[in-house]
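**Student:** What follows is run.cif; its format and atoms are mmCIF, C-alpha atoms.
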```cif
data_my_file
loop_
_atom_site.label_atom_id
_atom_site.label_comp_id
_atom_site.auth_asym_id
_atom_site.auth_seq_id
_atom_site.Cartn_x
_atom_site.Cartn_y
_atom_site.Cartn_z
CA MET W 1 119.48 223.29 116.92
CA ALA W 2 117.68 219.94 117.20
CA THR W 3 120.05 218.40 114.66
CA HIS W 4 123.11 219.54 116.61
CA ARG W 5 121.60 218.12 119.81
CA LEU W 6 120.94 214.76 118.12
CA LEU W 7 124.51 214.53 116.84
CA ARG W 8 125.84 215.34 120.30
CA ILE W 9 123.73 212.54 121.80
CA LEU W 10 125.04 210.12 119.18
CA PHE W 11 128.64 211.11 119.86
CA ILE W 12 128.15 210.58 123.61
CA ALA W 13 126.51 207.17 123.01
CA ALA W 14 129.34 206.13 120.73
CA LEU W 15 131.96 207.14 123.28
CA ALA W 16 130.18 205.06 125.93
CA PHE W 17 130.76 201.99 123.75
CA GLY W 18 134.32 202.94 122.84
CA GLY W 19 133.02 204.55 119.65
CA VAL W 20 133.77 207.74 117.80
CA ARG W 21 134.96 211.13 119.02
CA PRO W 22 134.96 214.39 117.05
CA ALA W 23 137.50 214.40 114.21
CA ALA W 24 140.79 216.16 114.73
CA ALA W 25 141.79 218.81 112.21
CA GLN W 26 144.77 216.83 110.95
CA GLU W 27 144.02 214.21 108.31
CA GLY W 28 146.02 211.07 107.70
CA ALA W 29 146.99 209.51 104.40
CA SER W 30 143.34 208.73 103.65
CA PRO W 31 140.03 210.19 104.89
CA GLY W 32 139.25 208.84 108.34
CA VAL W 33 142.84 207.75 109.03
CA HIS W 34 144.53 209.72 111.81
CA PRO W 35 147.78 209.17 113.71
CA ASP W 36 145.86 207.66 116.66
CA ARG W 37 142.59 206.35 115.20
CA ILE W 38 140.58 205.08 112.24
CA VAL W 39 137.03 206.43 111.93
CA LEU W 40 134.31 204.28 110.35
CA GLY W 41 130.71 205.32 109.69
CA GLN W 42 127.29 203.70 109.90
CA SER W 43 123.68 204.73 109.23
CA ALA W 44 121.28 202.38 111.01
CA LYS W 45 117.87 202.06 112.58
CA LEU W 46 118.72 202.91 116.18
CA SER W 47 115.26 204.14 117.21
CA GLY W 48 111.68 204.16 115.99
CA SER W 49 108.38 202.49 116.73
CA GLY W 50 107.51 198.85 116.01
CA GLY W 51 109.77 196.77 113.84
CA THR W 52 113.07 195.62 115.26
CA GLN W 53 116.06 196.68 117.34
CA ALA W 54 118.46 194.98 114.92
CA GLY W 55 120.30 198.22 114.17
CA VAL W 56 121.28 198.58 117.82
CA GLN W 57 122.23 194.90 118.12
CA TYR W 58 124.25 194.97 114.90
CA ARG W 59 126.14 198.09 116.02
CA ASP W 60 126.77 196.67 119.49
CA GLY W 61 128.21 193.47 118.02
CA MET W 62 130.69 195.44 115.91
CA LEU W 63 131.62 197.52 118.94
CA LEU W 64 132.38 194.36 120.92
CA ALA W 65 135.02 193.44 118.33
CA PHE W 66 136.35 196.98 117.97
CA GLY W 67 136.49 197.41 121.74
CA ALA W 68 138.52 194.21 122.15
CA ALA W 69 141.00 195.40 119.50
CA ASN W 70 141.26 198.82 121.11
CA ALA W 71 141.87 197.32 124.55
CA ALA W 72 144.79 195.38 123.05
CA GLY W 73 146.42 198.54 121.71
CA GLY W 74 144.40 199.13 118.57
CA VAL W 75 145.48 198.36 115.02
CA HIS W 76 149.07 199.46 114.41
CA GLY W 77 148.63 201.88 117.31
CA ARG W 78 145.32 203.32 116.07
CA ARG W 79 141.97 202.96 117.82
CA ILE W 80 138.98 201.92 115.72
CA GLU W 81 136.08 204.32 116.18
CA LEU W 82 132.55 203.96 114.83
CA LEU W 83 130.25 206.91 114.20
CA SER W 84 126.69 205.55 114.09
CA LEU W 85 123.88 207.86 112.93
CA ASP W 86 120.22 207.00 113.39
CA ASP W 87 118.08 206.83 110.24
CA GLY W 88 114.94 205.29 111.80
CA ASN W 89 114.69 202.95 108.79
CA LYS W 90 113.92 205.95 106.55
CA ALA W 91 115.52 206.09 103.12
CA ASP W 92 115.88 209.87 102.88
CA THR W 93 117.45 210.09 106.32
CA ALA W 94 119.87 207.28 105.46
CA ALA W 95 120.93 209.11 102.30
CA ALA W 96 121.51 212.33 104.26
CA ASN W 97 123.43 210.43 106.95
CA THR W 98 125.60 208.76 104.34
CA ARG W 99 126.48 212.05 102.68
CA SER W 100 127.28 213.56 106.08
CA LEU W 101 129.51 210.62 107.02
CA ILE W 102 131.43 210.86 103.75
CA ASP W 103 131.63 214.63 103.19
CA GLN W 104 131.53 216.14 106.67
CA HIS W 105 132.89 213.45 108.98
CA ARG W 106 135.21 212.07 106.29
CA VAL W 107 135.05 208.48 107.50
CA PHE W 108 137.46 205.88 106.14
CA ALA W 109 134.77 203.31 105.24
CA LEU W 110 131.07 202.65 105.80
CA VAL W 111 130.11 199.52 107.71
CA GLY W 112 126.81 198.09 108.91
CA HIS W 113 124.09 200.16 107.23
CA THR W 114 120.72 198.50 107.95
CA PHE W 115 117.67 197.42 105.95
CA THR W 116 116.76 197.48 102.31
CA ALA W 117 115.27 200.91 101.56
CA PRO W 118 117.97 202.86 103.48
CA VAL W 119 120.75 200.82 101.86
CA LYS W 120 119.27 201.39 98.39
CA ALA W 121 119.17 205.11 99.11
CA ALA W 122 122.85 205.10 100.15
CA LEU W 123 124.16 203.19 97.12
CA PRO W 124 124.31 206.11 94.63
CA LEU W 125 126.52 208.05 97.05
CA VAL W 126 128.67 205.00 97.69
CA ARG W 127 129.20 204.57 93.96
CA GLU W 128 129.85 208.28 93.40
CA LYS W 129 132.40 208.60 96.19
CA GLY W 130 134.07 205.20 95.75
CA ILE W 131 134.10 204.55 99.48
CA PRO W 132 134.30 200.96 100.81
CA PHE W 133 130.79 199.90 101.87
CA LEU W 134 130.90 196.85 104.12
CA ALA W 135 128.30 194.45 105.51
CA PRO W 136 124.97 196.16 104.89
CA TYR W 137 122.29 194.35 106.91
CA THR W 138 120.09 193.39 103.98
CA GLY W 139 120.23 190.98 101.06
CA PHE W 140 118.47 192.34 97.97
CA PRO W 141 119.73 191.01 94.61
CA GLU W 142 121.47 194.15 93.32
CA LEU W 143 124.10 193.82 96.02
CA TYR W 144 125.11 190.38 94.73
CA ASP W 145 125.25 190.95 90.96
CA GLY W 146 128.78 192.39 90.86
CA SER W 147 127.70 195.88 89.77
CA HIS W 148 129.02 197.57 92.95
CA ARG W 149 132.75 196.89 93.15
CA ASN W 150 133.27 198.66 96.49
CA VAL W 151 130.38 196.85 98.25
CA PHE W 152 131.38 193.80 100.32
CA MET W 153 128.53 191.48 101.36
CA PHE W 154 129.12 189.67 104.65
CA ARG W 155 125.85 187.69 104.55
CA ALA W 156 123.92 185.39 102.23
CA SER W 157 121.27 186.95 100.01
CA PHE W 158 117.50 187.09 100.38
CA GLU W 159 117.44 184.69 97.43
CA ASP W 160 119.52 182.19 99.43
CA GLU W 161 117.16 182.49 102.39
CA LEU W 162 114.00 182.18 100.31
CA ALA W 163 115.38 179.16 98.48
CA LEU W 164 115.92 177.40 101.82
CA LEU W 165 112.46 178.43 102.99
CA ALA W 166 110.78 177.10 99.82
CA ARG W 167 112.72 173.83 100.03
CA HIS W 168 111.56 173.37 103.62
CA ILE W 169 107.93 173.99 102.68
CA ASP W 170 108.21 171.39 99.93
CA THR W 171 110.01 168.87 102.16
CA VAL W 172 107.36 168.92 104.87
CA ALA W 173 104.57 169.04 102.24
CA PHE W 174 102.78 172.17 103.45
CA GLN W 175 99.88 172.92 101.08
CA ARG W 176 98.28 176.11 102.36
CA VAL W 177 100.96 178.80 102.37
CA ALA W 178 100.33 182.47 103.19
CA LEU W 179 102.51 185.58 103.49
CA VAL W 180 102.33 188.84 105.39
CA HIS W 181 104.57 191.67 104.15
CA TYR W 182 104.90 195.42 104.36
CA SER W 183 102.80 197.64 102.07
CA THR W 184 105.90 199.09 100.41
CA PRO W 185 107.67 198.47 97.09
CA VAL W 186 110.15 196.27 98.97
CA GLY W 187 107.25 194.31 100.47
CA GLU W 188 105.72 193.78 97.03
CA GLU W 189 109.10 192.57 95.73
CA LEU W 190 109.15 190.04 98.58
CA ARG W 191 105.69 188.76 97.62
CA GLN W 192 106.79 188.26 94.02
CA ASP W 193 110.05 186.56 95.05
CA VAL W 194 108.24 184.17 97.43
CA SER W 195 105.78 183.25 94.68
CA GLN W 196 108.60 182.52 92.23
CA HIS W 197 110.48 180.30 94.68
CA LEU W 198 107.34 178.34 95.56
CA LYS W 199 106.54 177.79 91.87
CA ARG W 200 109.85 176.01 91.43
CA PHE W 201 108.41 173.31 93.68
CA GLY W 202 104.98 173.33 92.05
CA ARG W 203 103.42 175.35 94.87
CA GLU W 204 101.77 178.74 95.19
CA LEU W 205 100.63 181.22 97.79
CA LEU W 206 97.16 180.55 99.15
CA ALA W 207 96.92 184.20 100.18
CA SER W 208 98.99 187.24 101.07
CA THR W 209 98.30 190.42 102.98
CA SER W 210 100.20 193.57 103.87
CA MET W 211 100.58 196.04 106.72
CA PRO W 212 102.15 199.51 106.99
CA ILE W 213 105.83 199.82 107.84
CA ASN W 214 106.91 201.57 111.07
CA PRO W 215 103.40 201.67 112.61
CA LYS W 216 103.00 203.59 115.85
CA ASP W 217 100.89 200.77 117.29
CA PRO W 218 101.82 197.35 115.80
CA ARG W 219 98.99 195.56 117.61
CA GLN W 220 96.44 197.84 115.99
CA ALA W 221 98.13 197.79 112.59
CA VAL W 222 97.97 193.98 112.29
CA GLN W 223 94.27 193.60 113.07
CA ALA W 224 92.87 194.03 109.55
CA PRO W 225 95.46 191.86 107.72
CA ALA W 226 95.26 189.13 110.38
CA MET W 227 91.46 189.10 110.24
CA ALA W 228 91.57 188.75 106.45
CA LEU W 229 93.89 185.73 106.56
CA ALA W 230 92.06 184.12 109.48
CA ARG W 231 89.00 183.59 107.26
CA ASN W 232 90.94 180.78 105.59
CA CYS W 233 93.64 179.70 108.06
CA PRO W 234 96.85 178.60 106.32
CA ASN W 235 99.06 175.68 107.37
CA VAL W 236 102.19 177.79 107.15
CA MET W 237 102.67 181.54 107.41
CA ILE W 238 105.73 183.32 106.06
CA LEU W 239 106.51 186.38 108.17
CA GLY W 240 107.76 189.11 105.84
CA VAL W 241 107.56 191.71 108.59
CA SER W 242 109.94 192.11 111.50
CA GLY W 243 110.32 192.63 115.24
CA LYS W 244 107.27 193.82 117.14
CA ASP W 245 105.22 193.85 113.94
CA ALA W 246 105.81 190.12 113.45
CA ALA W 247 105.11 189.35 117.10
CA ALA W 248 101.85 191.31 117.01
CA PHE W 249 100.78 189.47 113.86
CA VAL W 250 101.38 186.04 115.41
CA SER W 251 99.33 187.01 118.48
CA ALA W 252 96.51 188.36 116.33
CA MET W 253 96.29 185.21 114.19
CA LYS W 254 95.91 183.11 117.32
CA ALA W 255 93.29 185.48 118.69
CA TYR W 256 91.31 185.18 115.45
CA GLY W 257 91.16 181.39 115.71
CA CYS W 258 94.26 180.12 113.88
CA PRO W 259 96.37 178.59 116.68
CA SER W 260 98.15 175.81 114.74
CA ILE W 261 100.16 177.63 112.09
CA GLN W 262 103.80 176.89 111.35
CA TYR W 263 105.54 180.28 111.13
CA LEU W 264 108.62 180.70 108.94
CA ALA W 265 110.71 183.84 108.63
CA ARG W 266 113.96 185.25 107.32
CA GLY W 267 116.58 186.37 109.80
CA LEU W 268 115.49 190.02 109.53
CA VAL W 269 112.47 189.13 111.69
CA ASP W 270 114.73 189.44 114.80
CA ILE W 271 114.46 186.39 117.07
CA ALA W 272 115.31 188.38 120.21
CA VAL W 273 112.19 190.53 119.78
CA LEU W 274 109.97 187.52 119.04
CA THR W 275 111.02 185.70 122.19
CA ARG W 276 110.68 188.80 124.33
CA GLU W 277 107.31 189.90 122.95
CA LEU W 278 105.62 186.51 122.53
CA GLY W 279 106.99 184.46 125.42
CA ALA W 280 105.59 180.92 125.18
CA GLU W 281 103.70 181.84 121.98
CA ALA W 282 107.03 182.06 120.15
CA ARG W 283 107.63 178.33 120.52
CA GLY W 284 107.88 176.57 117.16
CA ILE W 285 108.63 179.64 115.02
CA MET W 286 111.40 178.80 112.55
CA VAL W 287 113.80 181.50 111.38
CA SER W 288 116.58 181.33 108.81
CA GLN W 289 119.90 182.56 110.19
CA LEU W 290 122.97 183.72 108.29
CA VAL W 291 125.49 183.04 111.04
CA PRO W 292 125.97 179.96 113.27
CA ASN W 293 124.02 179.55 116.49
CA PRO W 294 125.63 181.75 119.20
CA PHE W 295 123.78 179.84 121.93
CA ARG W 296 126.13 176.89 121.42
CA ALA W 297 129.26 178.22 123.13
CA SER W 298 131.11 174.92 122.84
CA ALA W 299 130.66 174.86 119.09
CA HIS W 300 133.73 176.85 118.07
CA PRO W 301 136.35 179.34 119.37
CA LEU W 302 134.61 182.12 117.41
CA VAL W 303 131.41 181.63 119.42
CA GLN W 304 133.40 181.34 122.64
CA GLU W 305 135.19 184.61 121.93
CA TYR W 306 131.90 186.39 121.23
CA GLU W 307 130.41 185.19 124.51
CA LEU W 308 133.58 186.20 126.38
CA ARG W 309 133.46 189.73 124.94
CA LEU W 310 129.75 189.88 125.70
CA ARG W 311 130.30 188.97 129.36
CA GLN W 312 133.16 191.45 129.65
CA ARG W 313 130.97 194.25 128.29
CA LYS W 314 127.57 193.46 129.79
CA GLY W 315 128.04 191.01 132.66
CA ALA W 316 127.47 187.31 133.26
CA SER W 317 123.66 187.40 132.96
CA THR W 318 123.59 188.51 129.30
CA THR W 319 121.97 186.44 126.55
CA PRO W 320 123.60 185.82 123.16
CA ASP W 321 121.90 187.29 120.12
CA PHE W 322 122.07 186.31 116.44
CA VAL W 323 122.15 189.88 115.12
CA GLU W 324 124.76 190.96 117.65
CA PHE W 325 126.85 187.88 116.84
CA GLU W 326 126.68 188.75 113.15
CA GLY W 327 127.85 192.27 114.00
CA PHE W 328 130.70 190.81 116.05
CA ILE W 329 131.79 188.67 113.09
CA VAL W 330 131.73 191.75 110.85
CA GLY W 331 133.78 193.74 113.36
CA LYS W 332 136.32 190.96 113.86
CA PHE W 333 136.80 190.57 110.10
CA VAL W 334 137.25 194.34 109.68
CA VAL W 335 139.89 194.34 112.43
CA GLN W 336 141.75 191.50 110.70
CA ALA W 337 141.68 193.35 107.37
CA LEU W 338 142.87 196.61 108.92
CA ARG W 339 145.80 194.78 110.48
CA ARG W 340 146.66 193.13 107.18
CA ALA W 341 146.49 196.48 105.35
CA GLY W 342 149.45 197.71 107.38
CA GLN W 343 150.62 200.90 109.05
CA LYS W 344 150.38 203.03 105.89
CA LEU W 345 146.64 202.59 105.63
CA ASP W 346 144.63 203.74 102.65
CA ARG W 347 141.46 202.49 100.97
CA LYS W 348 143.25 200.61 98.20
CA ALA W 349 145.35 198.65 100.71
CA PHE W 350 142.24 198.00 102.80
CA VAL W 351 140.27 196.58 99.84
CA GLN W 352 143.20 194.31 98.99
CA ALA W 353 143.32 193.16 102.61
CA LEU W 354 139.59 192.40 102.62
CA GLU W 355 140.11 190.25 99.53
CA ALA W 356 142.89 188.30 101.27
CA GLU W 357 141.25 187.69 104.68
CA ARG W 358 139.28 184.69 105.90
CA LEU W 359 137.29 183.84 109.03
CA ASP W 360 135.97 180.38 109.92
CA GLY W 361 133.19 179.41 112.30
CA PRO W 362 131.30 176.30 113.39
CA GLY W 363 130.25 173.71 110.84
CA HIS W 364 130.69 174.86 107.28
CA TYR W 365 130.56 178.60 108.05
CA ARG W 366 133.31 180.56 106.32
CA LEU W 367 133.60 184.28 105.52
CA GLN W 368 136.06 184.84 102.69
CA PHE W 369 136.30 187.22 99.75
CA GLY W 370 138.90 187.18 96.97
CA ALA W 371 140.23 189.16 94.03
CA GLY W 372 137.08 190.63 92.51
CA LYS W 373 134.85 188.53 94.78
CA ARG W 374 132.46 190.65 96.80
CA VAL W 375 130.17 188.04 98.40
CA GLY W 376 131.88 186.46 101.41
CA THR W 377 129.42 183.70 102.33
CA GLN W 378 126.22 181.94 101.34
CA TYR W 379 125.68 180.30 104.74
CA VAL W 380 122.01 179.83 105.68
CA ASN W 381 120.58 177.64 108.43
CA PHE W 382 117.14 177.21 109.99
CA VAL W 383 116.72 177.44 113.77
CA MET W 384 113.60 177.02 115.88
CA ILE W 385 112.46 178.79 119.02
CA SER W 386 111.92 176.04 121.60
CA GLU W 387 110.57 175.99 125.16
CA GLN W 388 111.56 178.87 127.45
CA GLY W 389 113.04 180.74 124.49
CA ARG W 390 115.77 178.19 123.77
CA ILE W 391 117.12 178.27 120.21
CA VAL W 392 117.70 174.87 118.58
CA ASP W 393 119.17 173.96 115.19
#
```
Rewrite the structure from the file as C-alpha cells, please.

**Tutor:**
Amino acid sequence: MATHRLLRILFIAALAFGGVRPAAAQEGASPGVHPDRIVLGQSAKLSGSGGTQAGVQYRDGMLLAFGAANAAGGVHGRRIELLSLDDGNKADTAAANTRSLIDQHRVFALVGHTFTAPVKAALPLVREKGIPFLAPYTGFPELYDGSHRNVFMFRASFEDELALLARHIDTVAFQRVALVHYSTPVGEELRQDVSQHLKRFGRELLASTSMPINPKDPRQAVQAPAMALARNCPNVMILGVSGKDAAAFVSAMKAYGCPSIQYLARGLVDIAVLTRELGAEARGIMVSQLVPNPFRASAHPLVQEYELRLRQRKGASTTPDFVEFEGFIVGKFVVQALRRAGQKLDRKAFVQALEAERLDGPGHYRLQFGAGKRVGTQYVNFVMISEQGRIVD
C-alpha cells in the first residue's frame, strides 16, 4: 500500500510540472510513444537527508525545456512527459526503479538518472533492454570508454574535472593538499583518482579522511573527520562530499581552528546548497562546472532562454542554478532530437537524431555527438563563490 501511495504522489508531482500521466492502454510504434505523448523515465535522488538536492534541480531543469516545447504544441503533436521516481541515492532502489520504468511503465528512453552508485546499478538493465540512456548525472570512467553504445553522456567526465583541479593546484603551488570523501567504494575510488592526478604534477595528498554517506545529521557526522584533519591544517581541501555534508565539513574545519583553507570541489558538490547553508562562509570556495555560468544572462541566447523559462515558471525573484541549467540543456537537446527523429518515432530514429544534433552555448561550450560518438562535451570551467553568494568565473 505504501508503494502505491508513493507512486501516486510522484505522478501528482510530475503533473504539477507538466510531467507524466498514467499510460494509456494503446501503445505507439515504440514503447513510450503514444498518439498524443512521449513518455520518458528518470530515477533520481528527490528526497533524503544530507547531501544535495541536485536530483530535484536536474529534473526541474529538464521540465523547463519540456514544458516550453509542450506549450508550443509539443513535438509533432505529442507532449513530452517525464516520469521521475525517487531512489534516495540508493543503488538497489535505483535498479528497481529502472526495471519498473522499462517493464511496467514502458518508457521510450531514460534521461537524467543521478549519482554514481545508482547509475552503476541501472547499467546492467540498460544494456539488457537496449533502451536509450541519456545524461546520467555522474562521470565515472566506464561511461566514457565506449562499452555502452546506448548511453549518451551530456557532461564531461570526473577525469576531466580532476585533471582541471590538479592543474589548478599545481599552478597556484599549493603544497599541503587534503581530501574528504565518503566511506564507500566510490569514495575510495575518488581518493585513488585524486592521488593519481596529483602525482602527475609531482604532488601528493597530505591527508585524507572519510565520512558516511546520507547521514541523518551531517553536522554530527563531520565532527570526527574534521577534527582529524584539523590537527595538521592543509592549505587546500578537496571536497569529495556534496551538499549539506560539504557545507557542514567547511563549518567544522573553521570551528576546529583552520579558517584559511582554499576549498576546491567538483560540480557534484552543489553550489546552491553551499551558498544557502554557509552564507558568508562560502566565499572563496571554487567549484568545477560542466556547463557555462547561468548567472551571466547576457552571455548567450541559451542562457537568456533558460532565465526566461525560469521566470515564466517560478516568477521574477528566482535565482539561476548550475544543476538546473544543466538539466535545461539536456531537456532542450532531447526536444531537438525528438523533432529531428520525425513523426514516425522509434528508438532507432531517435538515436540517429541524437547523433546528428548540436547545441552551442557561451564561450567554447558545445554539446554534439556523432556516428558512434557517445560523449557530447568535455567542457569544464572553474567558478568561485564571491561576496553575497555571487558566482564569478

**Student:** Taking only C-alpha atoms into account, which of W:Ala109, W:Val334, W:Leu165, W:Val177 comes nearest W:Ser30?

**Tutor:**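 When distances to W:Ser30 are compared using only C-alpha atoms, the smallest one comes from W:Ala109.
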
**Student:** The PyMOL selection byres ((chain W and resi 363-365) around 8) on the file shown: which residues, as a tab-separated table (two decimals) with C-alpha atoms, in the coordinates of the input?

**Tutor:**
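The new file result.tsv reads:
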```
chain	number	residue	atom	x	y	z
W	291	VAL	CA	125.49	183.04	111.04
W	292	PRO	CA	125.97	179.96	113.27
W	360	ASP	CA	135.97	180.38	109.92
W	361	GLY	CA	133.19	179.41	112.30
W	362	PRO	CA	131.30	176.30	113.39
W	366	ARG	CA	133.31	180.56	106.32
W	367	LEU	CA	133.60	184.28	105.52
W	377	THR	CA	129.42	183.70	102.33
W	379	TYR	CA	125.68	180.30	104.74
```

**Student:** Listing only residues of stretch 281-312 of chain W within 12 Å of stretch 43-62 of chain W, what is the closest atom pair and its distance in Å (to one decimal) for each, using all atoms listed in the file, sorted by chain and residue number ascending, as a Markdown table?

**Tutor:**
```
| residue | atom | partner | partner_atom | distance |
| --- | --- | --- | --- | --- |
| W:Glu305 | CA | W:Gly61 | CA | 11.9 |
| W:Tyr306 | CA | W:Gly61 | CA | 8.6 |
| W:Glu307 | CA | W:Gly61 | CA | 10.7 |
| W:Arg309 | CA | W:Gly61 | CA | 9.5 |
| W:Leu310 | CA | W:Gly61 | CA | 8.6 |
```

**Student:** Kindly save the residues from that selection, with C-alpha atoms included, as a compact mmCIF listing (two decimals), keeping the file's coordinate frame.

**Tutor:**
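For reference, selection.txt as written:
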```txt
# COMPACT_ATOMS: atom_id res chain seq x y z
CA GLU W 305 135.19 184.61 121.93
CA TYR W 306 131.90 186.39 121.23
CA GLU W 307 130.41 185.19 124.51
CA ARG W 309 133.46 189.73 124.94
CA LEU W 310 129.75 189.88 125.70
```

**Student:** Could you expand the PyMOL selection byres ((chain W and resi 331) around 9) into the explicit residues it covers here, written as a list in words?

**Tutor:**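 With the PyMOL selection byres ((chain W and resi 331) around 9) on this model, the match is Gly61, Met62, Leu63, Leu64, Ala65, Phe66, Val111, Glu326, Gly327, Phe328, Ile329, Val330, Lys332, Phe333, Val334, Val335 and Gln336 of chain W.
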
**Student:** Excluding same-chain residues fewer than 3 positions from W:Pro141, what lies within 12 Å of it counting all atoms listed in the file, as a PyMOL selection string?

**Tutor:** chain W and resi 116+120+138+144-148+153+156-162+186+189-190+193+375

**Student:** Could you check the closest approach to W:Asp36 for each of W:Gln304, W:Gln343, W:Gln196, W:Thr209 and tell me which residue wins, using all atoms listed in the file?

**Tutor:**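 With all atoms listed in the file as the atom set, the closest residue is W:Gln343.
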
**Student:** Taking (96.5, 179.1, 107.6) in the file's coordinates as the center, which residues reach within 12 Å of it, counting only C-alpha atoms, put as number ranges by chain?

**Tutor:** W: 174-180, 205-208, 226-238, 250, 253-254, 256-263

**Student:** Name the residues captured by the PyMOL selection byres ((chain W and resi 222) around 8) when it is applied to the shown file; answer as a JSON list (two decimals) with C-alpha atoms, keeping the file's coordinate frame.

**Tutor:**
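File produced: result-v6.json:
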```json
[["chain", "number", "residue", "atom", "x", "y", "z"],
["W", 211, "MET", "CA", 100.58, 196.04, 106.72],
["W", 218, "PRO", "CA", 101.82, 197.35, 115.80],
["W", 219, "ARG", "CA", 98.99, 195.56, 117.61],
["W", 220, "GLN", "CA", 96.44, 197.84, 115.99],
["W", 221, "ALA", "CA", 98.13, 197.79, 112.59],
["W", 223, "GLN", "CA", 94.27, 193.60, 113.07],
["W", 224, "ALA", "CA", 92.87, 194.03, 109.55],
["W", 225, "PRO", "CA", 95.46, 191.86, 107.72],
["W", 226, "ALA", "CA", 95.26, 189.13, 110.38],
["W", 245, "ASP", "CA", 105.22, 193.85, 113.94],
["W", 248, "ALA", "CA", 101.85, 191.31, 117.01],
["W", 249, "PHE", "CA", 100.78, 189.47, 113.86],
["W", 252, "ALA", "CA", 96.51, 188.36, 116.33]]
```

**Student:** As an NGL selection string, please: the residues near W:Asn381 (cut-off 7 Å, all atoms listed in the file, same-chain neighbours under 3 positions excluded).

**Tutor:** :W and (288-290)

**Student:** Within 9 Å of W:Arg390, counting only C-alpha atoms, which residues qualify if same-chain residues fewer than 6 places away don't, as a list in words?

**Tutor:**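 Selected residues are Arg283, Phe295 and Met384 of chain W.
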
**Student:** Considering all atoms listed in the file, can you say which of W:Lys314, W:Arg347, W:Arg340, W:His34 comes closest to W:Asn150?

**Tutor:**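 Using all atoms listed in the file, the shortest distance to W:Asn150 belongs to W:Arg347.
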
**Student:** Export stretch 194-207 of chain W of the preceding structure, keeping N, CA, C and O atoms, as a PDB file, in the first residue's frame.

**Tutor:**
```pdb
ATOM      1  N   VAL W 194      42.261  11.035  -7.212  1.00  0.00           N
ATOM      2  CA  VAL W 194      42.880  12.307  -6.846  1.00  0.00           C
ATOM      3  C   VAL W 194      44.385  12.129  -6.676  1.00  0.00           C
ATOM      4  O   VAL W 194      45.186  12.940  -7.162  1.00  0.00           O
ATOM      5  N   SER W 195      44.784  11.058  -6.005  1.00  0.00           N
ATOM      6  CA  SER W 195      46.209  10.806  -5.794  1.00  0.00           C
ATOM      7  C   SER W 195      46.942  10.655  -7.113  1.00  0.00           C
ATOM      8  O   SER W 195      48.047  11.209  -7.299  1.00  0.00           O
ATOM      9  N   GLN W 196      46.351   9.935  -8.059  1.00  0.00           N
ATOM     10  CA  GLN W 196      46.991   9.734  -9.364  1.00  0.00           C
ATOM     11  C   GLN W 196      47.138  11.037 -10.134  1.00  0.00           C
ATOM     12  O   GLN W 196      48.189  11.304 -10.730  1.00  0.00           O
ATOM     13  N   HIS W 197      46.118  11.869 -10.104  1.00  0.00           N
ATOM     14  CA  HIS W 197      46.195  13.147 -10.822  1.00  0.00           C
ATOM     15  C   HIS W 197      47.236  14.071 -10.191  1.00  0.00           C
ATOM     16  O   HIS W 197      47.965  14.765 -10.915  1.00  0.00           O
ATOM     17  N   LEU W 198      47.315  14.090  -8.875  1.00  0.00           N
ATOM     18  CA  LEU W 198      48.308  14.936  -8.219  1.00  0.00           C
ATOM     19  C   LEU W 198      49.733  14.465  -8.526  1.00  0.00           C
ATOM     20  O   LEU W 198      50.648  15.276  -8.716  1.00  0.00           O
ATOM     21  N   LYS W 199      49.932  13.149  -8.611  1.00  0.00           N
ATOM     22  CA  LYS W 199      51.263  12.607  -8.882  1.00  0.00           C
ATOM     23  C   LYS W 199      51.782  13.038 -10.245  1.00  0.00           C
ATOM     24  O   LYS W 199      52.994  13.147 -10.445  1.00  0.00           O
ATOM     25  N   ARG W 200      50.878  13.278 -11.182  1.00  0.00           N
ATOM     26  CA  ARG W 200      51.315  13.739 -12.497  1.00  0.00           C
ATOM     27  C   ARG W 200      52.002  15.089 -12.431  1.00  0.00           C
ATOM     28  O   ARG W 200      52.727  15.476 -13.345  1.00  0.00           O
ATOM     29  N   PHE W 201      51.736  15.828 -11.345  1.00  0.00           N
ATOM     30  CA  PHE W 201      52.379  17.132 -11.156  1.00  0.00           C
ATOM     31  C   PHE W 201      53.400  17.082 -10.020  1.00  0.00           C
ATOM     32  O   PHE W 201      53.805  18.118  -9.488  1.00  0.00           O
ATOM     33  N   GLY W 202      53.809  15.874  -9.656  1.00  0.00           N
ATOM     34  CA  GLY W 202      54.808  15.726  -8.602  1.00  0.00           C
ATOM     35  C   GLY W 202      54.299  16.065  -7.221  1.00  0.00           C
ATOM     36  O   GLY W 202      55.085  16.437  -6.344  1.00  0.00           O
ATOM     37  N   ARG W 203      52.990  15.917  -7.002  1.00  0.00           N
ATOM     38  CA  ARG W 203      52.404  16.253  -5.711  1.00  0.00           C
ATOM     39  C   ARG W 203      51.683  15.039  -5.125  1.00  0.00           C
ATOM     40  O   ARG W 203      51.442  14.051  -5.811  1.00  0.00           O
ATOM     41  N   GLU W 204      51.349  15.125  -3.850  1.00  0.00           N
ATOM     42  CA  GLU W 204      50.634  14.029  -3.202  1.00  0.00           C
ATOM     43  C   GLU W 204      49.706  14.577  -2.132  1.00  0.00           C
ATOM     44  O   GLU W 204      49.821  15.739  -1.718  1.00  0.00           O
ATOM     45  N   LEU W 205      48.788  13.733  -1.703  1.00  0.00           N
ATOM     46  CA  LEU W 205      47.875  14.118  -0.635  1.00  0.00           C
ATOM     47  C   LEU W 205      48.611  14.143   0.695  1.00  0.00           C
ATOM     48  O   LEU W 205      49.299  13.184   1.065  1.00  0.00           O
ATOM     49  N   LEU W 206      48.467  15.258   1.413  1.00  0.00           N
ATOM     50  CA  LEU W 206      48.966  15.338   2.777  1.00  0.00           C
ATOM     51  C   LEU W 206      48.185  14.387   3.678  1.00  0.00           C
ATOM     52  O   LEU W 206      48.754  13.689   4.526  1.00  0.00           O
ATOM     53  N   ALA W 207      46.865  14.375   3.483  1.00  0.00           N
ATOM     54  CA  ALA W 207      45.998  13.537   4.306  1.00  0.00           C
ATOM     55  C   ALA W 207      44.650  13.391   3.616  1.00  0.00           C
ATOM     56  O   ALA W 207      44.281  14.184   2.734  1.00  0.00           O
TER      57      ALA W 207
END
```
